[in-house]
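Novice: Please see the structure below; I have some questions.
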Amino acid sequence: MRIRTLRYGLAGATAALLLGAAWSNAGADEAALRDQAKAVLGTLPESAATLERPMSDARVILGRVLYYDPRLSKNQDSSCNSCHLLDQFGVDGKSFSAGHRGQLGGRNSPTSYNAALHIAQFWDGRAPDVEEQAKGPVLNPVEMAMPNEKAVVELLESIPGYGPLFDAAFPGEPSSITYGNMAVAIGAFERGLITPSAFDVWLSGKGELSSDALAGLDLFISKGCTACHNGALVGGGMYQKLGLVKPYPTEDVGRMGVTGREADKYFFKVPSLRNVAKTGPYFHDGGVATLDEAIQLMGRHQLGIALSSDERKKIAAFLQELTGAIDESYIAAPALPKSGPDTPKPDPS
Ligand code: HEC
Ligand code: HEC
């Protein structure tokens with residue numbers, strides 16, 4: 001491939017300049033790169049709805065309200081949107097998020113965008129899908145801290161507006177307000193949180209990417225990032241050891257905590273790199289502040305290579321093109337149904 005010869009045959013700034021020029025003129029090479037990218041990456045689907053997990057309008061409407069409702073937390077001060085802010089690419093920008101009474105969790109909050117398309121949920125994959133995942137935070141003592149499922153159902157029943165919303169979302173069910181249905185509705189809403197980007201347009205043969213982004217994509221493939229970050233999500237499809245080539249300092253055993261298998265020690269779900277330019281700080285411990293550093297550490301610990309600052313800059317330029325479009329009307333904060341006379345008051349204890 002001509003581009004390769006150019007890049008590896010020349011050094012320094014001249015190479016970078018030539019490469020930039022080459023990408024803008026090299027229609028044939030760009031087409032070859034597109035074919036390669038199609039084979040290992042892919043375009044996002046419009047939604048993550050499945051036959052088993054459909055997205056009816058009524059479920060999405062209910063799920064959106066629940067996602068934003070802080071009354072699902074003990075002190076009625078945190079909702080899903082407190083840690084996964086939908087107008088901030090589904091994250092809160094902190095290493096660790098504060099939940100009930102300001103307590104910090106032990107892992108970085110990943111984005112809720114495109115999460116429904118992952119093989120499983122959480123850094124260690126302990127929930128199979130977004131519906132099962134949604135049952136977790138509401139009862140987690142350091143997150144929303146509700147005491148039990150019954151208390152959540154009673155709370156929902158005490159808010160008069162929820163009855164009709166649950167009935168519409170789960171027609172024909174005599175008592176539609178259940179903990180499971182709450183989670184199913186939140187999951188249905190999350191299945192629509194999909195963010196196609198300029199990369200998808202380019203992959204489909206339309207639109208353009210900058211010459212740096214094209215060079216970065218070429219590096220992303222040729223250096224081996226796609227061994228782990230592949231498919232339409234550019235990740236999200238497998239578990240891999242953090243520190244595969246060179247041990248990475250962490251006390252979190254990752255997936256071993258779920259499976260109990262020594263072989264899974266330090267394995268984490270390979271994160272999707274969709275919107276990654278917007279979802280720092282990085283890694284399961286939120287310990288990496290910048291994208292540049294994350295790319296450098298990946299080269300060192302996962303591939304055993306030192307990426308030059310020019311290579312990192314280009315890879316970052318490619319990753320920028322994975323920043324998607326947020327559907328403002330889909331995520332617009334809804335009016336919450338009013339509390340009733342029996343609705344419990346916030347409990348700061
Ligand atoms: C206090 C902050 C906080 C709140 C509130 C919270 N989350 Fe999370 N969320 C996290 C953290 C931290 C993780 C990662 C935990 C782990 O992997 O062990 C996470 C993981 C997730 C994931 C998995 C994403 C992935 O890439 O694996 C989804 C989806 C998600 N949360 C959705 C929700 C929903 C829906 C709610 C409301 C019902 C919610 N979260 C409430 C902090 C929070
Ligand atoms: C052997 C598998 C593997 C390879 C190869 C790999 N990664 Fe990763 N990547 C991971 C895993 C696992 C994580 C999660 C790290 C953690 O849990 O702390 C990750 C995390 C990341 C993150 C941080 C994402 C976030 O949301 O925190 C970025 C950025 C990233 N990788 C980019 C790259 C780039 C660029 C390359 C190629 C230079 C690469 N990766 C190669 C497995 C891999």
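Ordering of the structure tokens sets the chain letters (A, B, ...); residue numbers start at 1 within each chain; ligands are numbered from 1 in the order shown.
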Could you list the protein, DNA and RNA residues that have any atom within 6 Å of ligand 1, counting only C-alpha atoms and all ligand atoms, and write them as a PyMOL selection string?
Specialist: chain A and resi 67+78-80+82-83+97-99+105+107-112+115+121-124+130+134+137-138+143-144
Novice: Can you write out the residues you just picked, keeping C-alpha atoms, as a CSV table (one decimal), in the first residue's frame?
Specialist:
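Result file is out_18.csv:
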```
chain,number,residue,atom,x,y,z
A,67,TYR,CA,-34.0,7.9,34.1
A,78,SER,CA,-29.7,11.5,42.5
A,79,SER,CA,-31.0,9.9,39.3
A,80,CYS,CA,-29.4,7.9,36.6
A,82,SER,CA,-26.7,12.5,37.9
A,83,CYS,CA,-23.8,10.2,37.0
A,97,SER,CA,-19.0,9.6,41.0
A,98,ALA,CA,-20.7,10.7,44.2
A,99,GLY,CA,-23.9,8.9,45.2
A,105,GLY,CA,-18.0,4.4,44.0
A,107,ARG,CA,-15.0,2.6,39.5
A,108,ASN,CA,-15.3,5.3,36.9
A,109,SER,CA,-18.9,5.8,35.5
A,110,PRO,CA,-18.9,4.7,31.9
A,111,THR,CA,-21.3,6.3,29.4
A,112,SER,CA,-24.8,5.1,29.0
A,115,ALA,CA,-24.1,0.8,26.2
A,121,GLN,CA,-22.8,-4.2,31.3
A,122,PHE,CA,-20.3,-2.8,33.8
A,123,TRP,CA,-16.5,-2.9,33.6
A,124,ASP,CA,-16.6,-6.5,34.7
A,130,VAL,CA,-29.1,-2.7,30.2
A,134,ALA,CA,-30.8,-0.8,35.7
A,137,PRO,CA,-27.8,1.4,41.0
A,138,VAL,CA,-31.2,2.1,42.6
A,143,GLU,CA,-25.4,5.1,44.6
A,144,MET,CA,-29.2,5.7,44.9
```
Novice: Please provide the set of residues having any atom within 8 Å of A:Gly207, restricted to only C-alpha atoms, with same-chain residues fewer than 5 positions apart removed, written as a VMD selection string.
Specialist: chain A and resid 198 201 to 202
Novice: Rank A:Ile177, A:Leu336, A:Leu85, A:Leu242 by their smallest atom-to-atom distance to A:Arg71, using only C-alpha atoms, and report the top residue only.
Specialist: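 The shortest atom-to-atom distance to A:Arg71 comes from A:Leu336.
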Novice: Could you report the residues within 7 Å of ligand 2, using only C-alpha atoms and all ligand atoms, as a PyMOL selection string?
Specialist: chain A and resi 110+123+220+223-229+239-242+244+267-273+276+279-285+291+294-295+298-299+302-303+315
Novice: In stretch 76-266 of chain A, what's alpha helix (DSSP H) per DSSP? Answer as a PyMOL selection string?
Specialist: chain A and resi 80-83+130-139+149-158+162-169+179-190+198-203+211-222+256-259
Novice: Keeping only C-alpha atoms, write the selected residues to a file as a compact mmCIF listing (two decimals), in the first residue's frame.
Specialist:
```txt
# COMPACT_ATOMS: atom_id res chain seq x y z
CA CYS A 80 -29.36 7.95 36.57
CA ASN A 81 -28.73 11.32 34.95
CA SER A 82 -26.66 12.51 37.94
CA CYS A 83 -23.79 10.21 36.98
CA VAL A 130 -29.14 -2.74 30.24
CA GLU A 131 -32.42 -4.01 31.72
CA GLU A 132 -30.64 -6.12 34.35
CA GLN A 133 -28.09 -3.34 34.84
CA ALA A 134 -30.80 -0.80 35.68
CA LYS A 135 -31.83 -2.84 38.73
CA GLY A 136 -28.40 -2.31 40.29
CA PRO A 137 -27.83 1.42 40.99
CA VAL A 138 -31.24 2.06 42.58
CA LEU A 139 -30.46 -0.38 45.43
CA GLU A 149 -37.43 -3.37 45.73
CA LYS A 150 -40.64 -3.09 47.72
CA ALA A 151 -39.79 0.45 48.84
CA VAL A 152 -39.18 1.42 45.20
CA VAL A 153 -42.50 -0.04 44.06
CA GLU A 154 -44.33 1.73 46.91
CA LEU A 155 -42.66 4.99 45.98
CA LEU A 156 -43.70 4.62 42.34
CA GLU A 157 -47.25 3.71 43.37
CA SER A 158 -47.46 6.81 45.57
CA TYR A 162 -46.79 6.76 37.22
CA GLY A 163 -49.82 4.40 37.13
CA PRO A 164 -50.98 5.44 33.64
CA LEU A 165 -47.42 5.55 32.32
CA PHE A 166 -46.70 1.97 33.50
CA ASP A 167 -50.10 0.75 32.22
CA ALA A 168 -49.39 2.22 28.78
CA ALA A 169 -45.89 0.72 28.72
CA TYR A 179 -39.32 -3.37 40.00
CA GLY A 180 -38.63 -5.49 36.92
CA ASN A 181 -40.85 -3.33 34.70
CA MET A 182 -39.10 -0.20 35.96
CA ALA A 183 -35.80 -1.67 34.78
CA VAL A 184 -37.27 -2.86 31.45
CA ALA A 185 -38.59 0.67 30.73
CA ILE A 186 -35.25 2.31 31.59
CA GLY A 187 -33.57 -0.27 29.34
CA ALA A 188 -35.96 0.49 26.46
CA PHE A 189 -35.04 4.17 26.73
CA GLU A 190 -31.32 3.33 26.80
CA ALA A 198 -18.89 11.36 10.97
CA PHE A 199 -17.03 8.03 10.93
CA ASP A 200 -20.24 6.14 10.08
CA VAL A 201 -20.97 8.56 7.24
CA TRP A 202 -17.46 8.08 5.88
CA LEU A 203 -17.67 4.32 6.26
CA SER A 211 -6.19 13.51 6.60
CA ASP A 212 -4.99 13.17 10.22
CA ALA A 213 -8.04 11.11 11.10
CA LEU A 214 -7.49 8.83 8.10
CA ALA A 215 -3.84 8.37 9.06
CA GLY A 216 -4.98 7.74 12.63
CA LEU A 217 -7.47 5.11 11.54
CA ASP A 218 -4.74 3.42 9.52
CA LEU A 219 -2.50 3.41 12.62
CA PHE A 220 -5.36 2.21 14.82
CA ILE A 221 -5.70 -0.84 12.58
CA SER A 222 -2.04 -1.45 11.72
CA MET A 256 -12.22 -12.34 38.29
CA GLY A 257 -14.55 -10.79 40.89
CA VAL A 258 -17.50 -12.10 38.85
CA THR A 259 -16.25 -15.49 37.67
```
